[in-house]
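Colleague: I'm passing along start-v8.csv; it holds CSV, C-alpha atoms.
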```csv
chain,number,residue,atom,x,y,z
A,1,MET,CA,29.2,18.7,-6.3
A,2,ARG,CA,28.5,22.0,-8.2
A,3,ARG,CA,26.1,23.2,-10.8
A,4,ASP,CA,26.3,26.8,-12.2
A,5,ASP,CA,28.4,27.8,-9.2
A,6,LEU,CA,25.7,26.6,-6.8
A,7,CYS,CA,26.6,24.1,-4.1
A,8,ILE,CA,24.5,20.9,-4.2
A,9,THR,CA,24.2,18.9,-1.1
A,10,VAL,CA,24.9,15.2,-1.7
A,11,PRO,CA,23.2,12.6,0.5
A,12,THR,CA,25.8,10.9,2.7
A,13,PHE,CA,24.9,7.4,1.7
A,14,PHE,CA,25.4,8.3,-2.0
A,15,ARG,CA,29.1,8.8,-1.4
A,16,CYS,CA,31.7,6.1,-1.5
A,17,PRO,CA,33.3,5.6,2.0
A,18,ILE,CA,36.7,5.4,0.3
A,19,SER,CA,36.7,8.2,-2.3
A,20,LEU,CA,33.9,10.3,-0.8
A,21,ASP,CA,32.6,10.8,-4.4
A,22,VAL,CA,29.1,10.0,-5.6
A,23,MET,CA,29.1,6.3,-6.5
A,24,THR,CA,28.7,5.4,-10.2
A,25,SER,CA,28.6,1.7,-9.7
A,26,PRO,CA,27.7,0.8,-6.1
A,27,VAL,CA,28.5,-2.7,-4.9
A,28,SER,CA,28.2,-4.3,-1.5
A,29,LEU,CA,30.7,-6.5,0.3
A,30,CYS,CA,29.8,-9.4,2.6
A,31,THR,CA,29.9,-7.0,5.6
A,32,GLY,CA,26.9,-5.1,4.1
A,33,VAL,CA,28.9,-1.9,3.4
A,34,THR,CA,28.5,-0.4,-0.1
A,35,TYR,CA,31.4,1.1,-2.1
A,36,ASP,CA,32.0,2.3,-5.6
A,37,ARG,CA,33.2,-0.6,-7.6
A,38,SER,CA,36.5,1.0,-8.8
A,39,SER,CA,37.4,2.2,-5.3
A,40,ILE,CA,36.9,-1.1,-3.5
A,41,GLN,CA,38.6,-3.0,-6.4
A,42,ARG,CA,41.7,-0.9,-6.0
A,43,TRP,CA,41.6,-1.5,-2.2
A,44,LEU,CA,41.5,-5.3,-2.6
A,45,ASP,CA,44.0,-5.3,-5.5
A,46,SER,CA,46.5,-3.6,-3.1
A,47,GLY,CA,46.5,-6.8,-1.0
A,48,ASN,CA,43.9,-5.8,1.7
A,49,ASN,CA,41.5,-8.5,2.9
A,50,THR,CA,39.4,-6.4,5.3
A,51,CYS,CA,36.3,-4.1,4.9
A,52,PRO,CA,37.7,-0.5,4.9
A,53,ALA,CA,34.7,0.8,7.0
A,54,THR,CA,34.4,-1.9,9.6
A,55,MET,CA,37.9,-3.5,9.4
A,56,GLN,CA,36.3,-6.9,9.5
A,57,VAL,CA,38.2,-9.7,7.7
A,58,LEU,CA,36.4,-10.6,4.5
A,59,HIS,CA,35.4,-14.3,4.2
A,60,THR,CA,34.7,-13.7,0.5
A,61,LYS,CA,35.8,-10.9,-1.8
A,62,ASP,CA,32.8,-11.2,-4.1
A,63,PHE,CA,30.7,-8.1,-4.9
A,64,VAL,CA,27.0,-7.8,-5.0
A,65,PRO,CA,25.7,-4.9,-7.2
A,66,ASN,CA,23.4,-2.6,-5.2
A,67,HIS,CA,20.8,-1.9,-7.9
A,68,THR,CA,18.4,-0.1,-5.5
A,69,LEU,CA,21.0,2.4,-4.5
A,70,HIS,CA,22.1,2.8,-8.1
A,71,ARG,CA,18.6,3.7,-9.1
A,72,LEU,CA,18.2,6.2,-6.3
A,73,ILE,CA,21.5,7.9,-7.3
A,74,GLN,CA,20.3,8.1,-10.9
A,75,ILE,CA,17.0,9.6,-9.9
A,76,TRP,CA,18.7,12.1,-7.6
A,77,SER,CA,21.3,13.0,-10.3
A,78,ASP,CA,18.6,13.6,-12.9
A,79,SER,CA,16.6,15.8,-10.5
A,80,VAL,CA,19.7,17.9,-9.8
A,81,LEU,CA,20.5,18.3,-13.5
A,82,THR,CA,16.9,19.3,-14.4
A,83,ARG,CA,16.2,21.5,-11.4
A,84,PRO,CA,15.8,25.1,-12.5
A,85,SER,CA,18.3,27.6,-11.1
A,86,PRO,CA,16.7,29.9,-8.5
A,87,GLU,CA,18.7,32.8,-9.7
A,88,SER,CA,17.1,32.6,-13.2
A,89,ASP,CA,13.6,31.9,-12.0
A,90,SER,CA,13.1,33.9,-8.9
A,91,PRO,CA,12.6,37.7,-9.3
A,92,THR,CA,14.7,40.3,-7.5
A,93,PRO,CA,13.0,42.6,-4.9
A,94,ASP,CA,12.7,45.3,-7.6
A,95,GLN,CA,11.2,42.9,-10.1
A,96,ALA,CA,8.8,41.7,-7.4
A,97,ARG,CA,7.6,45.2,-6.7
A,98,HIS,CA,7.1,45.6,-10.5
A,99,LEU,CA,5.1,42.4,-10.6
A,100,VAL,CA,2.9,43.6,-7.7
A,101,HIS,CA,2.2,46.9,-9.5
A,102,GLN,CA,1.3,44.9,-12.6
A,103,ILE,CA,-1.3,43.0,-10.7
A,104,GLN,CA,-2.6,46.1,-9.0
A,105,ARG,CA,-3.1,47.8,-12.3
A,106,ASN,CA,-4.8,44.9,-14.0
A,107,PRO,CA,-6.0,42.2,-11.5
A,108,SER,CA,-8.2,40.5,-14.0
A,109,GLY,CA,-5.7,40.5,-17.0
A,110,ASP,CA,-4.2,37.5,-18.6
A,111,SER,CA,-0.8,38.3,-17.1
A,112,CYS,CA,-2.1,38.1,-13.5
A,113,PHE,CA,-1.5,34.3,-13.3
A,114,ARG,CA,2.1,34.6,-14.5
A,115,CYS,CA,2.8,37.4,-12.1
A,116,ILE,CA,1.4,35.5,-9.1
A,117,ALA,CA,3.4,32.4,-10.1
A,118,LYS,CA,6.6,34.4,-10.2
A,119,LEU,CA,5.8,36.1,-6.8
A,120,SER,CA,5.2,32.7,-5.3
A,121,SER,CA,8.7,31.7,-6.3
A,122,PHE,CA,10.0,35.0,-4.8
A,123,ALA,CA,8.1,34.5,-1.5
A,124,ASN,CA,9.4,31.0,-1.1
A,125,ASP,CA,13.0,32.1,-1.2
A,126,SER,CA,13.2,33.8,2.2
A,127,ASP,CA,11.4,35.3,5.1
A,128,GLN,CA,12.6,38.7,4.1
A,129,ASN,CA,10.9,38.4,0.7
A,130,ARG,CA,7.6,37.3,2.4
A,131,LYS,CA,7.8,40.3,4.7
A,132,LEU,CA,8.4,42.6,1.7
A,133,LEU,CA,5.2,41.3,0.0
A,134,ALA,CA,3.1,41.3,3.2
A,135,SER,CA,4.1,44.9,3.9
A,136,THR,CA,3.1,46.1,0.4
A,137,ASP,CA,0.0,48.3,1.1
A,138,GLY,CA,-3.2,46.6,0.0
A,139,PHE,CA,-1.6,43.8,-1.9
A,140,LEU,CA,-2.7,40.9,0.3
A,141,ALA,CA,-6.3,42.2,0.4
A,142,LEU,CA,-6.2,42.5,-3.4
A,143,LEU,CA,-5.1,38.9,-3.7
A,144,PHE,CA,-8.0,37.7,-1.5
A,145,GLY,CA,-10.3,39.8,-3.8
A,146,ILE,CA,-8.9,38.0,-6.8
A,147,LEU,CA,-9.3,34.7,-5.0
A,148,GLY,CA,-12.9,35.4,-4.3
A,149,LYS,CA,-13.6,35.6,-8.0
A,150,GLN,CA,-12.1,32.1,-8.7
A,151,THR,CA,-15.2,30.1,-8.2
A,152,GLU,CA,-14.4,27.6,-11.0
A,153,ASN,CA,-10.7,28.0,-11.8
A,154,VAL,CA,-9.2,25.7,-9.1
A,155,PHE,CA,-5.7,25.7,-10.6
A,156,PHE,CA,-5.5,29.5,-10.4
A,157,ALA,CA,-7.1,29.6,-6.9
A,158,GLU,CA,-4.4,27.1,-5.7
A,159,LYS,CA,-1.6,29.5,-6.8
A,160,ILE,CA,-3.2,32.4,-5.1
A,161,VAL,CA,-4.0,30.7,-1.8
A,162,ARG,CA,-0.4,29.4,-1.4
A,163,LEU,CA,0.9,32.9,-1.9
A,164,CYS,CA,-1.7,34.3,0.5
A,165,TYR,CA,-0.7,31.7,3.2
A,166,VAL,CA,3.0,32.7,3.2
A,167,MET,CA,2.1,36.3,3.3
A,168,VAL,CA,-0.6,36.1,6.0
A,169,GLU,CA,1.9,34.6,8.4
A,170,GLU,CA,3.9,37.9,8.1
A,171,TYR,CA,0.9,40.2,8.1
A,172,ALA,CA,0.6,42.4,11.2
A,173,ASP,CA,-3.1,43.3,11.4
A,174,LYS,CA,-4.9,40.0,11.0
A,175,GLU,CA,-8.2,41.3,12.5
A,176,GLN,CA,-8.4,43.9,9.7
A,177,LEU,CA,-7.3,41.3,7.2
A,178,ALA,CA,-10.1,38.9,8.3
A,179,LYS,CA,-12.7,41.6,7.7
A,180,GLN,CA,-11.4,42.2,4.2
A,181,VAL,CA,-11.4,38.5,3.5
A,182,ILE,CA,-15.0,38.2,4.5
A,183,GLN,CA,-16.0,41.4,2.6
A,184,ARG,CA,-14.4,40.1,-0.6
A,185,ASP,CA,-16.3,36.7,-0.4
A,186,SER,CA,-13.0,34.7,-0.5
A,187,LEU,CA,-14.5,32.0,1.7
A,188,SER,CA,-16.4,30.4,-1.1
A,189,SER,CA,-13.3,30.0,-3.2
A,190,MET,CA,-11.4,28.5,-0.2
A,191,LEU,CA,-14.2,26.1,0.3
A,192,LEU,CA,-13.8,25.1,-3.4
A,193,LEU,CA,-10.1,24.4,-2.7
A,194,LEU,CA,-10.9,22.2,0.3
A,195,LYS,CA,-13.3,20.2,-1.9
A,196,GLN,CA,-11.4,20.0,-5.1
A,197,GLY,CA,-7.8,21.3,-4.6
A,198,SER,CA,-4.7,19.3,-4.2
A,199,LEU,CA,-3.7,18.1,-0.8
A,200,ASP,CA,-1.0,20.9,-0.5
A,201,SER,CA,-3.6,23.5,-1.4
A,202,LYS,CA,-6.1,22.1,1.1
A,203,ILE,CA,-3.4,22.3,3.8
A,204,ALA,CA,-2.5,25.9,2.8
A,205,THR,CA,-6.2,26.9,2.8
A,206,ALA,CA,-6.8,25.4,6.2
A,207,ARG,CA,-3.8,27.3,7.5
A,208,VAL,CA,-5.1,30.6,6.1
A,209,LEU,CA,-8.5,30.0,7.6
A,210,GLU,CA,-6.9,29.4,11.0
A,211,LEU,CA,-4.7,32.5,10.7
A,212,ILE,CA,-7.6,34.8,9.9
A,213,SER,CA,-9.9,33.4,12.6
A,214,VAL,CA,-8.8,35.8,15.2
A,215,ASP,CA,-12.0,37.1,16.7
A,216,LEU,CA,-15.6,35.9,17.2
A,217,GLU,CA,-16.9,37.4,14.0
A,218,SER,CA,-14.3,35.8,11.8
A,219,LYS,CA,-14.6,32.4,13.6
A,220,VAL,CA,-18.4,32.5,13.1
A,221,CYS,CA,-18.2,33.5,9.4
A,222,VAL,CA,-15.7,30.7,8.6
A,223,ALA,CA,-17.7,28.1,10.5
A,224,GLU,CA,-21.0,29.1,9.0
A,225,CYS,CA,-19.8,29.0,5.4
A,226,LYS,CA,-21.7,26.1,4.0
A,227,ASP,CA,-19.9,22.7,4.2
A,228,MET,CA,-16.7,24.4,5.6
A,229,LEU,CA,-16.9,22.3,8.8
A,230,VAL,CA,-17.5,19.1,6.8
A,231,GLU,CA,-14.4,19.7,4.7
A,232,LEU,CA,-12.2,20.6,7.6
A,233,LEU,CA,-13.3,17.5,9.4
A,234,ARG,CA,-12.6,15.4,6.3
A,235,LEU,CA,-9.1,17.0,6.1
A,236,ALA,CA,-8.5,16.2,9.8
A,237,SER,CA,-9.4,12.5,9.0
A,238,TYR,CA,-6.8,12.3,6.2
A,239,GLU,CA,-5.0,9.3,7.8
A,240,SER,CA,-2.3,9.0,5.1
A,241,ASP,CA,-0.9,12.5,5.7
A,242,PRO,CA,-0.1,13.6,9.3
A,243,SER,CA,0.4,17.3,8.2
A,244,ALA,CA,-3.2,17.4,6.8
A,245,VAL,CA,-4.5,15.8,10.0
A,246,GLU,CA,-2.7,18.3,12.3
A,247,VAL,CA,-3.7,21.3,10.2
A,248,GLY,CA,-7.3,20.3,9.9
A,249,LEU,CA,-7.5,19.8,13.7
A,250,SER,CA,-5.7,23.0,14.4
A,251,CYS,CA,-8.2,25.0,12.3
A,252,LEU,CA,-11.2,23.3,13.8
A,253,VAL,CA,-9.9,24.1,17.3
A,254,SER,CA,-9.5,27.7,16.3
A,255,ILE,CA,-13.0,28.2,14.8
A,256,SER,CA,-14.9,26.1,17.3
A,257,MET,CA,-15.0,28.5,20.2
A,258,PRO,CA,-18.6,29.6,19.6
A,259,LYS,CA,-21.1,27.1,21.2
A,260,LYS,CA,-23.2,27.1,18.0
A,261,THR,CA,-20.2,25.8,16.1
A,262,ARG,CA,-19.5,23.0,18.6
A,263,ILE,CA,-23.1,21.9,18.4
A,264,ARG,CA,-22.9,21.7,14.6
A,265,LEU,CA,-19.6,19.8,14.8
A,266,VAL,CA,-21.3,17.2,17.0
A,267,GLY,CA,-24.1,16.9,14.6
A,268,LEU,CA,-21.7,16.2,11.8
A,269,GLY,CA,-20.3,13.2,13.7
A,270,ALA,CA,-17.1,14.8,15.0
A,271,VAL,CA,-17.2,12.8,18.2
A,272,LYS,CA,-17.0,9.4,16.4
A,273,VAL,CA,-14.2,10.7,14.2
A,274,LEU,CA,-12.3,12.1,17.2
A,275,ALA,CA,-12.9,8.9,19.2
A,276,LYS,CA,-11.4,6.8,16.5
A,277,MET,CA,-8.4,9.1,16.3
A,278,ALA,CA,-7.9,9.1,20.0
A,279,SER,CA,-8.0,5.3,20.0
A,280,GLY,CA,-5.1,5.1,17.5
A,281,SER,CA,-1.5,4.8,18.6
A,282,ALA,CA,0.4,6.1,15.5
A,283,MET,CA,-0.1,9.8,16.2
A,284,SER,CA,2.4,12.5,17.2
A,285,ALA,CA,2.0,14.1,20.6
A,286,SER,CA,0.8,17.4,19.0
A,287,VAL,CA,-2.0,15.6,17.1
A,288,VAL,CA,-3.1,13.8,20.2
A,289,GLU,CA,-3.2,17.1,22.1
A,290,LYS,CA,-5.4,18.7,19.4
A,291,VAL,CA,-7.7,15.7,19.3
A,292,LEU,CA,-8.2,15.9,23.1
A,293,LYS,CA,-8.6,19.7,23.0
A,294,LEU,CA,-11.4,19.4,20.4
A,295,ILE,CA,-13.1,16.7,22.5
A,296,GLU,CA,-12.8,18.9,25.5
A,297,MET,CA,-14.4,21.8,23.6
A,298,VAL,CA,-17.4,19.7,22.4
A,299,SER,CA,-17.8,18.2,25.9
A,300,ALA,CA,-18.8,21.7,27.1
A,301,CYS,CA,-22.2,21.4,25.3
A,302,LYS,CA,-24.8,18.9,26.3
A,303,GLU,CA,-25.0,17.4,22.7
A,304,GLY,CA,-21.3,16.7,22.8
A,305,ARG,CA,-21.4,15.1,26.3
A,306,ALA,CA,-24.3,12.9,25.2
A,307,GLU,CA,-22.3,11.7,22.1
A,308,ILE,CA,-19.1,11.1,24.2
A,309,CYS,CA,-20.9,9.2,26.8
A,310,GLU,CA,-22.7,7.0,24.2
A,311,ASP,CA,-19.4,6.1,22.7
A,312,GLU,CA,-17.6,3.8,25.2
A,313,MET,CA,-14.5,3.7,22.9
A,314,CYS,CA,-14.2,7.5,23.3
A,315,VAL,CA,-14.1,7.6,27.1
A,316,GLU,CA,-11.7,4.6,27.3
A,317,ALA,CA,-9.4,6.3,24.8
A,318,ILE,CA,-9.4,9.5,26.8
A,319,VAL,CA,-8.5,7.6,30.0
A,320,LYS,CA,-5.6,5.8,28.2
A,321,LYS,CA,-4.1,9.1,27.2
A,322,VAL,CA,-3.7,10.2,30.8
A,323,LEU,CA,0.0,10.2,31.7
A,324,LYS,CA,0.8,8.6,28.4
A,325,VAL,CA,1.5,11.4,25.9
A,326,SER,CA,2.4,14.7,27.4
A,327,SER,CA,1.4,17.0,30.2
A,328,VAL,CA,-0.8,19.0,27.8
A,329,ALA,CA,-2.6,15.9,26.6
A,330,THR,CA,-3.1,14.8,30.2
A,331,GLU,CA,-4.6,18.1,31.2
A,332,HIS,CA,-7.1,18.0,28.3
A,333,ALA,CA,-8.0,14.4,29.2
A,334,VAL,CA,-8.5,15.1,32.9
A,335,SER,CA,-10.6,18.2,32.0
A,336,ILE,CA,-12.9,16.1,29.8
A,337,LEU,CA,-13.3,13.4,32.5
A,338,TRP,CA,-13.9,16.1,35.1
A,339,SER,CA,-16.5,17.7,32.9
A,340,LEU,CA,-18.4,14.4,32.3
A,341,CYS,CA,-18.1,12.9,35.7
A,342,CYS,CA,-18.0,15.8,38.2
A,343,LEU,CA,-19.6,18.8,36.6
A,344,PHE,CA,-22.4,17.0,34.8
A,345,ARG,CA,-22.2,13.7,36.8
A,346,ASP,CA,-23.0,11.4,33.9
A,347,PRO,CA,-23.4,7.9,35.2
A,348,LYS,CA,-22.4,6.3,31.8
A,349,ALA,CA,-19.1,8.2,31.8
A,350,GLN,CA,-18.4,7.3,35.4
A,351,GLU,CA,-18.9,3.6,34.6
A,352,ALA,CA,-16.7,3.8,31.5
A,353,VAL,CA,-13.9,5.5,33.5
A,354,ALA,CA,-14.1,2.8,36.3
A,355,ARG,CA,-14.0,0.0,33.7
A,356,SER,CA,-11.0,1.6,32.0
A,357,ASN,CA,-8.9,1.6,35.2
A,358,GLY,CA,-9.2,5.3,35.3
A,359,LEU,CA,-9.1,5.6,39.1
A,360,ALA,CA,-5.6,4.1,39.4
A,361,LYS,CA,-4.4,6.6,36.8
A,362,ILE,CA,-6.0,9.5,38.7
A,363,LEU,CA,-4.3,8.3,42.0
A,364,VAL,CA,-0.9,8.2,40.3
A,365,LEU,CA,-1.5,11.5,38.6
A,366,MET,CA,-2.1,13.2,41.9
A,367,GLN,CA,1.3,12.2,43.1
A,368,SER,CA,3.0,13.5,40.0
A,369,ASN,CA,4.3,16.9,39.2
A,370,CYS,CA,1.0,18.1,37.7
A,371,SER,CA,-0.4,21.6,37.7
A,372,PRO,CA,-2.7,22.8,40.6
A,373,ALA,CA,-5.7,22.8,38.2
A,374,VAL,CA,-5.1,19.1,37.2
A,375,ARG,CA,-4.6,18.2,40.9
A,376,GLN,CA,-7.8,19.9,41.9
A,377,MET,CA,-9.8,18.1,39.1
A,378,SER,CA,-8.2,14.8,40.0
A,379,GLY,CA,-9.2,15.3,43.6
A,380,ASP,CA,-12.8,16.0,42.5
A,381,LEU,CA,-12.9,12.9,40.4
A,382,LEU,CA,-11.7,10.7,43.3
A,383,LYS,CA,-14.4,12.2,45.6
A,384,ILE,CA,-17.0,11.3,43.0
A,385,PHE,CA,-15.9,7.7,42.8
A,386,ARG,CA,-15.4,7.4,46.5
A,387,VAL,CA,-19.0,8.4,47.1
A,388,ASN,CA,-20.3,6.2,44.3
A,389,SER,CA,-18.3,3.1,44.9
A,390,LYS,CA,-15.9,2.8,47.9
A,391,SER,CA,-15.4,-0.8,47.1
A,392,CYS,CA,-14.0,0.1,43.7
A,393,LEU,CA,-11.1,2.0,45.3
A,394,SER,CA,-10.5,-0.4,48.1
A,395,SER,CA,-9.9,-3.2,45.5
A,396,TYR,CA,-6.6,-1.6,44.4
A,397,ASP,CA,-3.4,-3.1,46.0
A,398,THR,CA,-1.4,-1.2,48.6
A,399,LYS,CA,1.0,0.2,45.9
A,400,THR,CA,-1.8,2.6,44.9
A,401,THR,CA,-4.1,2.8,47.9
A,402,HIS,CA,-1.4,4.1,50.2
A,403,ILE,CA,-1.5,7.4,48.3
A,404,MET,CA,-5.3,7.9,48.6
A,405,PRO,CA,-5.9,11.5,49.8
A,406,PHE,CA,-9.0,10.5,51.8
```
Starting from the file, give its structure as structure tokens.
Modeller:
Amino acid sequence: MRRDDLCITVPTFFRCPISLDVMTSPVSLCTGVTYDRSSIQRWLDSGNNTCPATMQVLHTKDFVPNHTLHRLIQIWSDSVLTRPSPESDSPTPDQARHLVHQIQRNPSGDSCFRCIAKLSSFANDSDQNRKLLASTDGFLALLFGILGKQTENVFFAEKIVRLCYVMVEEYADKEQLAKQVIQRDSLSSMLLLLKQGSLDSKIATARVLELISVDLESKVCVAECKDMLVELLRLASYESDPSAVEVGLSCLVSISMPKKTRIRLVGLGAVKVLAKMASGSAMSASVVEKVLKLIEMVSACKEGRAEICEDEMCVEAIVKKVLKVSSVATEHAVSILWSLCCLFRDPKAQEAVARSNGLAKILVLMQSNCSPAVRQMSGDLLKIFRVNSKSCLSSYDTKTTHIMPF
């Protein structure tokens, strides 16, 4: 299918298996295969009594109109016809440079919004376009300066932050950029977007915050911005959108290196949120890894350990993730258990691990192809439980006890 000399990709299931054209009147045979009415009618009128796709003999030649597919094809066709042509909307590189100069000359003018909207279209076209904008001296810093002044205009701030995000990814000196962002007071506007922006804008904002959190100073500044941790934790809890969850977690992991930030996270109820997430089953491996990484980080402070040990569901969920998700997730999980049970010898955590059948998992883990660090931590955990309760280990059947290293 073509429109204005541009190739349009047609979804395979919109094509008739006989004519290979987009179906105008889809009907289904008794075999469940859908065809365009005119094509299948010609097939049957030619004396055939089989389904063309499956070659099954048809016990009836009746058609059933596929109304759902018909509606989908109509919606798709309408979107193709009304979709604006990229060639007419997206600026050329020379036009993009001119738009940048316009913004630089008059960053507070009425035309600034239109220029940024056009540059967003330009940036979305290709990596090369994004690199061109990112390499324009002082432009990204100027955008963050404009963003810092948008304390009420959420719609304009959304446009700016989306353009900033695609440019920051291509920007070379992120440390210098982070200083400029902080100096221009852009964080308050980004917080506004996390509170009031669309979900796409919240995701773009969290990505920008993660990308500029490259050193201790920037991590502290982002985390100490009032309500920033609250909003990022809320984004990470956005159950209906996996992208929002992953981006929120990733940003929290990035900015939570300072101990002070981890303590604040614990105070905001992060452990309960993370425990609930770890207990779920409908999460991707990368999300589970980030959840466990964040729990591992808060377990390094006494406030975090206290919350984890008070939450039985949290320890049980951590044990269940051992050998269940990925080697990275297993390493984070074992590190948490080692911190709780060996380094700080918390009796509540030790009891929770024992109740969750953690010892059997540790025994199996030691015989797997795990890293030396994981093997060492697993050995330390077994020693702790051997000292505390020999009977607990001896109760396992010979399939596991024969691999005990002691």
Colleague: Can you work out which one of A:Ala236, A:Met55, A:Ala123, A:Ala117 has the shortest atom-to-atom distance to Leu199 of chain A, counting only C-alpha atoms?
Modeller: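 Residue with the minimum atom-to-atom distance to Leu199 of chain A: A:Ala236.
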Colleague: Provide the atom CA of Gly304 of chain A to atom CA of Leu340 of chain A distance in Å, to one decimal place.
Modeller: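 About the pair atom CA of Gly304 of chain A and atom CA of Leu340 of chain A: they are 10.2 Å apart.
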Colleague: Which residue is closest to Asp380 of chain A? Choose from A:Arg114, A:Lys272, A:Arg345, A:His59 and count only C-alpha atoms.
Modeller: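 For Asp380 of chain A, the nearest of the candidates is A:Arg345.
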Colleague: Please return, as a PyMOL selection string, all polymer residues that have at least one atom within 12 Å of the point (36.7, 5.6, -3.5); use only C-alpha atoms and the file's own coordinate frame.
Modeller: chain A and resi 14-27+34-44+52-53
Colleague: Using all atoms listed in the file, which of A:Glu158, A:Ile318, A:Leu133, A:Leu359 sits nearest Ser198 of chain A?
Modeller: A:Glu158
Colleague: Just the number, please: distance in Å from atom CA of Ile295 of chain A to atom CA of Ser279 of chain A, one decimal.
Modeller: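 Straight-line distance from atom CA of Ile295 of chain A to atom CA of Ser279 of chain A works out to 12.7 Å.
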Colleague: Find, counting only C-alpha atoms, the residue in A:Ile308, A:Leu365, A:Ala360, A:Ile212 that gets nearest to Cys341 of chain A.
Modeller: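 Residue with the minimum atom-to-atom distance to Cys341 of chain A: A:Ile308.
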Colleague: Go through A:Ser79, A:Thr330, A:Thr136, A:Ser90 and flag the residue nearest Ala317 of chain A, using only C-alpha atoms for the distances.
Modeller: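 The answer is A:Thr330, which sits nearest to Ala317 of chain A.
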Colleague: Under the rule that all atoms listed in the file are counted, which of A:Gly269, A:Pro65, A:Pro347, A:Gly358 is the nearest residue to Leu229 of chain A?
Modeller: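 Under the stated criterion, the closest residue is A:Gly269.
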Colleague: Identify, on the basis of only C-alpha atoms, every residue whose closest approach to Cys51 of chain A does not exceed 8 Å; exclude the query and any residue fewer than 6 positions from it along the same chain; express the result as a list in words.
Modeller: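 Counting only the stated atoms, we get Leu29, Thr31, Val33, Val57 and Leu58 of chain A.
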Colleague: Can you measure atom CA of Arg162 of chain A to atom CA of Ser201 of chain A for me? One decimal in Å is fine.
Modeller: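 Atom CA of Arg162 of chain A sits 6.7 Å away from atom CA of Ser201 of chain A.
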Colleague: Please identify all polymer residues within 9 Å of segment 97-113 of chain A, counting only C-alpha atoms, omitting same-chain residues fewer than 5 positions from it, and present them as an NGL selection string.
Modeller: :A and (91-92 or 118-119 or 132-133 or 136 or 139 or 142-143 or 146 or 156 or 159-160)
Colleague: Write out as a VMD selection string each polymer residue whose atoms come within 7 Å of Ala244 of chain A, counting all atoms listed in the file; drop sequence neighbours fewer than 5 positions from it.
Modeller: chain A and resid 203 235 to 236 238
Colleague: Leaving out segment 251-264 of chain A and any residue of its chain fewer than 4 positions from it, which residues lie within 9 Å of it when counting only C-alpha atoms, given as a PyMOL selection string?
Modeller: chain A and resi 206-211+213-214+216+218-220+222-224+229+232-233+236+246-247+268-269+290-291+293-294+297-304
Colleague: Can those selected residues be exported to a file as a compact mmCIF listing (two decimals), in the coordinates of the input so that it contains C-alpha atoms?
Modeller:
```txt
# COMPACT_ATOMS: atom_id res chain seq x y z
CA ALA A 206 -6.80 25.40 6.20
CA ARG A 207 -3.80 27.30 7.50
CA VAL A 208 -5.10 30.60 6.10
CA LEU A 209 -8.50 30.00 7.60
CA GLU A 210 -6.90 29.40 11.00
CA LEU A 211 -4.70 32.50 10.70
CA SER A 213 -9.90 33.40 12.60
CA VAL A 214 -8.80 35.80 15.20
CA LEU A 216 -15.60 35.90 17.20
CA SER A 218 -14.30 35.80 11.80
CA LYS A 219 -14.60 32.40 13.60
CA VAL A 220 -18.40 32.50 13.10
CA VAL A 222 -15.70 30.70 8.60
CA ALA A 223 -17.70 28.10 10.50
CA GLU A 224 -21.00 29.10 9.00
CA LEU A 229 -16.90 22.30 8.80
CA LEU A 232 -12.20 20.60 7.60
CA LEU A 233 -13.30 17.50 9.40
CA ALA A 236 -8.50 16.20 9.80
CA GLU A 246 -2.70 18.30 12.30
CA VAL A 247 -3.70 21.30 10.20
CA LEU A 268 -21.70 16.20 11.80
CA GLY A 269 -20.30 13.20 13.70
CA LYS A 290 -5.40 18.70 19.40
CA VAL A 291 -7.70 15.70 19.30
CA LYS A 293 -8.60 19.70 23.00
CA LEU A 294 -11.40 19.40 20.40
CA MET A 297 -14.40 21.80 23.60
CA VAL A 298 -17.40 19.70 22.40
CA SER A 299 -17.80 18.20 25.90
CA ALA A 300 -18.80 21.70 27.10
CA CYS A 301 -22.20 21.40 25.30
CA LYS A 302 -24.80 18.90 26.30
CA GLU A 303 -25.00 17.40 22.70
CA GLY A 304 -21.30 16.70 22.80
```
